[in-house]
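Structure file entry.json with JSON, C-alpha atoms:
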```json
[["chain", "number", "residue", "atom", "x", "y", "z"],
["D", 1, "MET", "CA", -58.89, 19.35, -28.50],
["D", 2, "PHE", "CA", -55.57, 21.13, -28.95],
["D", 3, "LEU", "CA", -55.87, 22.75, -25.50],
["D", 4, "SER", "CA", -56.77, 19.41, -23.95],
["D", 5, "ASN", "CA", -53.68, 17.77, -25.49],
["D", 6, "LEU", "CA", -51.53, 20.72, -24.45],
["D", 7, "ARG", "CA", -52.75, 20.43, -20.84],
["D", 8, "THR", "CA", -52.12, 16.67, -20.85],
["D", 9, "SER", "CA", -48.64, 17.28, -22.30],
["D", 10, "ASN", "CA", -47.93, 19.94, -19.69],
["D", 11, "VAL", "CA", -49.02, 17.60, -16.91],
["D", 12, "TYR", "CA", -46.91, 14.84, -18.42],
["D", 13, "PHE", "CA", -43.84, 17.09, -18.74],
["D", 14, "SER", "CA", -44.49, 18.56, -15.32],
["D", 15, "ASN", "CA", -44.64, 15.06, -13.79],
["D", 16, "LEU", "CA", -41.59, 13.97, -15.78],
["D", 17, "PHE", "CA", -39.66, 17.07, -14.68],
["D", 18, "SER", "CA", -40.74, 16.54, -11.08],
["D", 19, "SER", "CA", -39.68, 12.88, -11.20],
["D", 20, "LEU", "CA", -36.31, 13.72, -12.75],
["D", 21, "PHE", "CA", -35.76, 16.49, -10.21],
["D", 22, "THR", "CA", -36.63, 14.13, -7.34],
["D", 23, "LEU", "CA", -34.33, 11.46, -8.79],
["D", 24, "SER", "CA", -31.45, 13.92, -9.14],
["D", 25, "ILE", "CA", -31.96, 15.09, -5.53],
["D", 26, "ARG", "CA", -31.88, 11.47, -4.32],
["D", 27, "LEU", "CA", -28.76, 10.71, -6.36],
["D", 28, "PHE", "CA", -27.07, 13.86, -5.05],
["D", 29, "SER", "CA", -27.97, 12.91, -1.47],
["D", 30, "ALA", "CA", -26.66, 9.35, -1.94],
["D", 31, "ASN", "CA", -23.43, 10.68, -3.48],
["D", 32, "ALA", "CA", -23.03, 13.20, -0.68],
["D", 33, "LEU", "CA", -23.38, 10.43, 1.91],
["D", 34, "GLN", "CA", -20.94, 8.26, -0.03],
["D", 35, "TYR", "CA", -18.48, 11.16, -0.25],
["D", 36, "ALA", "CA", -18.74, 11.78, 3.49],
["D", 37, "SER", "CA", -18.08, 8.09, 4.05],
["D", 38, "ALA", "CA", -15.13, 8.15, 1.64],
["D", 39, "GLU", "CA", -13.79, 11.27, 3.35],
["D", 40, "GLU", "CA", -14.18, 9.65, 6.76],
["D", 41, "MET", "CA", -12.31, 6.59, 5.48],
["D", 42, "ARG", "CA", -9.53, 8.80, 4.11],
["D", 43, "GLN", "CA", -9.25, 10.64, 7.42],
["D", 44, "TYR", "CA", -9.17, 7.36, 9.34],
["D", 45, "ARG", "CA", -6.49, 5.98, 7.00],
["D", 46, "LEU", "CA", -4.34, 9.07, 7.54],
["D", 47, "LYS", "CA", -4.85, 8.89, 11.30],
["D", 48, "VAL", "CA", -3.76, 5.22, 11.43],
["D", 49, "GLU", "CA", -0.74, 5.85, 9.23],
["D", 50, "ARG", "CA", 0.28, 8.80, 11.40],
["D", 51, "PHE", "CA", -0.17, 6.68, 14.55],
["D", 52, "ILE", "CA", 2.08, 3.96, 13.14],
["D", 53, "ARG", "CA", 4.76, 6.45, 12.07],
["D", 54, "ASP", "CA", 4.58, 8.17, 15.45],
["D", 55, "HIS", "CA", 5.28, 4.79, 17.08],
["D", 56, "ALA", "CA", 8.23, 3.93, 14.82],
["D", 57, "ASN", "CA", 10.36, 3.33, 17.93],
["D", 58, "HIS", "CA", 8.00, 0.64, 19.22],
["D", 59, "MET", "CA", 9.99, -2.59, 19.49],
["D", 60, "THR", "CA", 8.11, -4.50, 16.77],
["D", 61, "ILE", "CA", 7.78, -1.58, 14.36],
["D", 62, "ASN", "CA", 11.49, -0.91, 14.80],
["D", 63, "LYS", "CA", 12.26, -4.57, 14.04],
["D", 64, "LEU", "CA", 10.19, -4.27, 10.88],
["D", 65, "ARG", "CA", 12.08, -1.13, 9.79],
["D", 66, "MET", "CA", 15.44, -2.76, 10.54],
["D", 67, "ASN", "CA", 14.61, -6.00, 8.67],
["D", 68, "ARG", "CA", 14.79, -8.15, 11.81],
["D", 69, "GLN", "CA", 12.64, -11.27, 12.02],
["D", 70, "ILE", "CA", 9.52, -10.74, 14.12],
["D", 71, "THR", "CA", 8.08, -13.45, 16.35],
["D", 72, "ARG", "CA", 4.51, -14.40, 17.13],
["D", 73, "MET", "CA", 4.86, -12.52, 20.43],
["D", 74, "ASP", "CA", 6.06, -9.41, 18.55],
["D", 75, "LEU", "CA", 3.02, -9.64, 16.31],
["D", 76, "GLU", "CA", 0.67, -10.02, 19.28],
["D", 77, "GLU", "CA", 2.27, -6.95, 20.90],
["D", 78, "LEU", "CA", 1.84, -5.01, 17.66],
["D", 79, "GLU", "CA", -1.83, -6.02, 17.46],
["D", 80, "ARG", "CA", -2.32, -4.96, 21.08],
["D", 81, "LEU", "CA", -0.69, -1.58, 20.39],
["D", 82, "LEU", "CA", -2.80, -0.98, 17.30],
["D", 83, "PHE", "CA", -6.19, -2.30, 18.29],
["D", 84, "THR", "CA", -6.30, -0.76, 21.76],
["D", 85, "ALA", "CA", -5.24, 2.68, 20.53],
["D", 86, "GLU", "CA", -8.05, 5.21, 20.36],
["D", 87, "GLU", "CA", -6.79, 6.49, 16.99],
["D", 88, "VAL", "CA", -6.98, 3.03, 15.40],
["D", 89, "GLY", "CA", -9.96, 1.51, 17.15],
["D", 90, "ASN", "CA", -10.79, -2.16, 16.86],
["D", 91, "ARG", "CA", -9.69, -4.70, 14.24],
["D", 92, "GLU", "CA", -13.12, -4.63, 12.55],
["D", 93, "ARG", "CA", -12.87, -0.90, 11.81],
["D", 94, "PHE", "CA", -9.25, -1.27, 10.70],
["D", 95, "GLU", "CA", -10.13, -4.09, 8.28],
["D", 96, "LYS", "CA", -13.15, -2.21, 6.97],
["D", 97, "VAL", "CA", -10.84, 0.55, 5.77],
["D", 98, "PHE", "CA", -7.60, -1.31, 4.97],
["D", 99, "GLY", "CA", -9.04, -4.73, 4.15],
["D", 100, "HIS", "CA", -7.96, -7.99, 5.75],
["D", 101, "GLN", "CA", -4.18, -8.06, 5.95],
["D", 102, "GLN", "CA", -2.64, -11.50, 5.53],
["D", 103, "SER", "CA", 0.51, -10.13, 7.11],
["D", 104, "LEU", "CA", 0.10, -7.22, 9.52],
["D", 105, "GLY", "CA", 3.90, -7.01, 9.74],
["D", 106, "ALA", "CA", 4.28, -6.59, 5.96],
["D", 107, "PHE", "CA", 1.47, -4.02, 5.97],
["D", 108, "ILE", "CA", 3.19, -1.98, 8.70],
["D", 109, "ARG", "CA", 6.53, -2.26, 6.93],
["D", 110, "LYS", "CA", 4.96, -0.89, 3.75],
["D", 111, "LEU", "CA", 3.89, 2.17, 5.72],
["D", 112, "VAL", "CA", 7.15, 2.81, 7.56],
["D", 113, "GLY", "CA", 9.56, 1.58, 4.90],
["D", 114, "LEU", "CA", 12.82, -0.22, 5.43],
["D", 115, "ASP", "CA", 15.83, 1.49, 6.98],
["D", 116, "ARG", "CA", 18.34, 2.28, 4.20],
["D", 117, "GLY", "CA", 21.19, 0.68, 6.13],
["D", 118, "ALA", "CA", 19.11, -2.46, 6.71],
["D", 119, "ALA", "CA", 18.18, -2.64, 3.02],
["D", 120, "SER", "CA", 21.83, -2.18, 2.01],
["D", 121, "GLU", "CA", 22.88, -4.82, 4.52],
["D", 122, "ALA", "CA", 20.38, -7.28, 3.05],
["D", 123, "PHE", "CA", 22.19, -6.97, -0.29],
["D", 124, "GLY", "CA", 25.66, -6.82, 1.30],
["D", 125, "GLU", "CA", 26.40, -10.53, 0.98],
["D", 126, "PHE", "CA", 25.21, -10.50, -2.63],
["D", 127, "LEU", "CA", 27.57, -7.63, -3.43],
["D", 128, "HIS", "CA", 30.47, -8.89, -1.29],
["D", 129, "ASN", "CA", 33.61, -10.24, -3.02],
["D", 130, "THR", "CA", 32.24, -9.76, -6.53],
["D", 131, "THR", "CA", 32.94, -7.05, -9.08],
["D", 132, "TYR", "CA", 29.87, -5.49, -10.63],
["D", 133, "SER", "CA", 29.38, -3.00, -13.45],
["D", 134, "ALA", "CA", 28.15, 0.54, -12.87],
["D", 135, "ASN", "CA", 24.71, -0.47, -14.23],
["D", 136, "GLN", "CA", 24.47, -3.40, -11.84],
["D", 137, "ILE", "CA", 25.38, -1.24, -8.85],
["D", 138, "ARG", "CA", 22.90, 1.43, -9.97],
["D", 139, "PHE", "CA", 20.22, -1.25, -10.31],
["D", 140, "ILE", "CA", 20.81, -2.52, -6.75],
["D", 141, "ASP", "CA", 20.81, 1.08, -5.49],
["D", 142, "GLN", "CA", 17.38, 1.58, -7.07],
["D", 143, "VAL", "CA", 16.14, -1.60, -5.38],
["D", 144, "VAL", "CA", 17.47, -0.35, -2.04],
["D", 145, "SER", "CA", 15.81, 3.05, -2.58],
["D", 146, "TYR", "CA", 12.51, 1.36, -3.39],
["D", 147, "LEU", "CA", 12.71, -0.81, -0.27],
["D", 148, "THR", "CA", 13.58, 2.23, 1.84],
["D", 149, "GLN", "CA", 10.45, 3.96, 0.62],
["D", 150, "ASN", "CA", 8.03, 1.00, 0.40],
["D", 151, "GLY", "CA", 9.33, -1.64, 2.82],
["D", 152, "THR", "CA", 8.79, -4.62, 0.52],
["D", 153, "MET", "CA", 9.00, -5.20, -3.20],
["D", 154, "ASP", "CA", 7.16, -7.40, -5.65],
["D", 155, "PRO", "CA", 9.88, -8.94, -7.86],
["D", 156, "GLY", "CA", 7.70, -8.25, -10.90],
["D", 157, "LEU", "CA", 8.54, -4.56, -10.51],
["D", 158, "LEU", "CA", 12.13, -5.36, -11.48],
["D", 159, "TYR", "CA", 10.89, -5.81, -15.04],
["D", 160, "GLU", "CA", 9.24, -2.38, -15.24],
["D", 161, "PRO", "CA", 10.54, 1.21, -15.31],
["D", 162, "PRO", "CA", 12.74, 2.54, -13.78],
["D", 163, "PHE", "CA", 14.52, -0.83, -13.78],
["D", 164, "THR", "CA", 14.01, -1.33, -17.51],
["D", 165, "ASP", "CA", 15.62, 2.08, -18.03],
["D", 166, "ILE", "CA", 18.93, 0.40, -17.16],
["D", 167, "HIS", "CA", 18.30, -2.60, -19.42],
["D", 168, "ASN", "CA", 15.18, -3.30, -21.48],
["D", 169, "GLU", "CA", 14.93, -6.81, -19.96],
["D", 170, "GLY", "CA", 15.07, -5.44, -16.42],
["D", 171, "LEU", "CA", 16.59, -7.70, -13.78],
["D", 172, "ASP", "CA", 17.45, -10.58, -16.14],
["D", 173, "GLY", "CA", 19.16, -8.27, -18.59],
["D", 174, "VAL", "CA", 21.33, -6.70, -15.91],
["D", 175, "PHE", "CA", 22.24, -9.78, -13.84],
["D", 176, "GLY", "CA", 21.46, -12.87, -15.92],
["D", 177, "ASP", "CA", 19.50, -15.83, -14.60],
["D", 178, "ALA", "CA", 21.72, -16.72, -11.64],
["D", 179, "GLY", "CA", 21.97, -13.16, -10.34],
["D", 180, "ALA", "CA", 18.25, -12.55, -10.91],
["D", 181, "THR", "CA", 17.37, -15.67, -8.92],
["D", 182, "LYS", "CA", 19.54, -14.51, -6.00],
["D", 183, "ILE", "CA", 17.98, -11.04, -5.97],
["D", 184, "ILE", "CA", 14.45, -12.42, -6.07],
["D", 185, "HIS", "CA", 15.35, -14.75, -3.21],
["D", 186, "LEU", "CA", 16.67, -11.79, -1.19],
["D", 187, "LEU", "CA", 13.43, -9.86, -1.76],
["D", 188, "GLU", "CA", 11.42, -12.88, -0.60],
["D", 189, "GLU", "CA", 13.59, -13.15, 2.55],
["D", 190, "ILE", "CA", 13.03, -9.47, 3.32],
["D", 191, "GLU", "CA", 9.27, -9.94, 3.05],
["D", 192, "LEU", "CA", 9.30, -13.14, 5.14],
["D", 193, "ARG", "CA", 11.03, -11.34, 8.01],
["D", 194, "ALA", "CA", 7.94, -9.17, 8.36],
["D", 195, "ALA", "CA", 5.79, -12.25, 8.97],
["D", 196, "ALA", "CA", 5.64, -14.17, 12.22]]
```
Once more with this new file: its structure as structure tokens, please.
Amino acid sequence: MFLSNLRTSNVYFSNLFSSLFTLSIRLFSANALQYASAEEMRQYRLKVERFIRDHANHMTINKLRMNRQITRMDLEELERLLFTAEEVGNRERFEKVFGHQQSLGAFIRKLVGLDRGAASEAFGEFLHNTTYSANQIRFIDQVVSYLTQNGTMDPGLLYEPPFTDIHNEGLDGVFGDAGATKIIHLLEEIELRAAA
């Protein structure tokens, strides 16, 4: 009886071990395929970003970097450049990796950034003929640096570090309501210029 139970237990454990081993092999294979897919997506993303940066002198991409309003024709030319390029492929592949972009212009601007002179110029009228404190000037300089790096800016970021390092209330604490409203409006204008 004991030997019979032992054999049954061995068969049970052997089958259980075999099933677990098979399951772990299947999971490993699925993860390996997923990793290859994720790696392919990462490589594609890098290739597209490099293509866009390599074409920074293209008329529309340059307009985006210089904060000039793009037109519908500019956007169509940008789409033609992107979606006929071998590196980028078609729109379907692009959207599979990057998702559907409501504004292709804003997406491109986020990749190439905003020219520092153009970002400074956007705030020039705000700064013109008014005396500001050192903290206010430093705050605007941080906004300009962010725009230079990222192309657009969500106004909500003005209430987070590093902006709250200057004043714990961020934008409102540094500029008050009227100044904060003007700055948010400027950021919205900058983003709108990337849309056709």
Any chance you could tabulate, as CSV, the residues of range 44-134 of chain D at most 9 Å from range 176-189 of chain D with each one's nearest atom pair and distance in Å to one decimal, using all atoms listed in the file, in chain and rising number order?
```
residue,atom,partner,partner_atom,distance
D:Ala122,CA,D:Leu186,CA,7.2
D:Phe123,CA,D:Leu186,CA,7.4
D:Phe126,CA,D:Lys182,CA,7.7
```
Spatial neighbours of range 40-53 of chain D, 10 Å, all atoms listed in the file, chain gap at least 4 places, as an NGL selection string: :D and (34-36 or 57-58 or 61 or 81-82 or 85-89 or 93-94 or 96-98 or 108-109 or 111-113)
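Closest approach to Leu64 in chain D from the set D:Ala119, D:Gly105, D:His100, D:Ala38 is made by D:Gly105, with distances taken over only C-alpha atoms.
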Length of the CA of Glu121 in chain D to CA of Gly173 in chain D vector [Å]: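 Atom-to-atom, CA of Glu121 in chain D to CA of Gly173 in chain D, that is 23.7 Å.
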Distance criterion (all atoms listed in the file): nearest to Arg80 in chain D out of D:Thr164, D:Asn135, D:Gln149, D:Thr60: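 Ranked by minimum distance to Arg80 in chain D, first place goes to D:Thr60.
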Arg193 in chain D environment, 10 Å, all atoms listed in the file, sequence neighbours closer than 3 positions dropped, as a list in words: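 Residues meeting the cut-off are Lys63, Leu64, Met66, Asn67, Arg68, Gln69, Ile70, Thr71, Gly105, Ala106, Glu188, Glu189, Ile190 and Ala196 of chain D.
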Length of the CA of Val174 in chain D to CA of Val144 in chain D vector [Å]: 15.7 Å
Nearest residue to Met73 in chain D from the set D:Ala195, D:Met153, D:Ile140, D:Leu114 (distances using only C-alpha atoms):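 Closest residue, counting only C-alpha atoms: D:Ala195.
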Contact residues around Leu158 in chain D with all atoms listed in the file at 9 Å, ignoring same-chain residues under 6 positions, as a PyMOL selection string: chain D and resi 143+164+170-172
Distance criterion (only C-alpha atoms): nearest to Asp115 in chain D out of D:Arg138, D:His167, D:Arg65, D:His55: D:Arg65
To test the calculation: enclose all listed atoms of range 184-193 of chain D in a box whose edges run along x, y and z, add 5 Å on each side, then state centre and edge lengths in Å to one decimal, as AutoDock Vina command-line options.
```
--center_x 13.0 --center_y -12.1 --center_z 1.0 --size_x 17.4 --size_y 15.3 --size_z 24.1
```
Point-to-point distance from CA of Asp74 in chain D to CA of Lys110 in chain D, Å rounded to tenths: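 Atom-to-atom, CA of Asp74 in chain D and CA of Lys110 in chain D are spaced 17.1 Å apart.
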Option closest in space to Glu76 in chain D, from D:Leu127, D:Ala118, D:Leu104, D:Ile137 [counting all atoms listed in the file]: D:Leu104
Shortest interatomic distance to Gly151 in chain D - which of D:Glu191, D:Glu39, D:Asp54, D:Glu95, counting only C-alpha atoms: D:Glu191
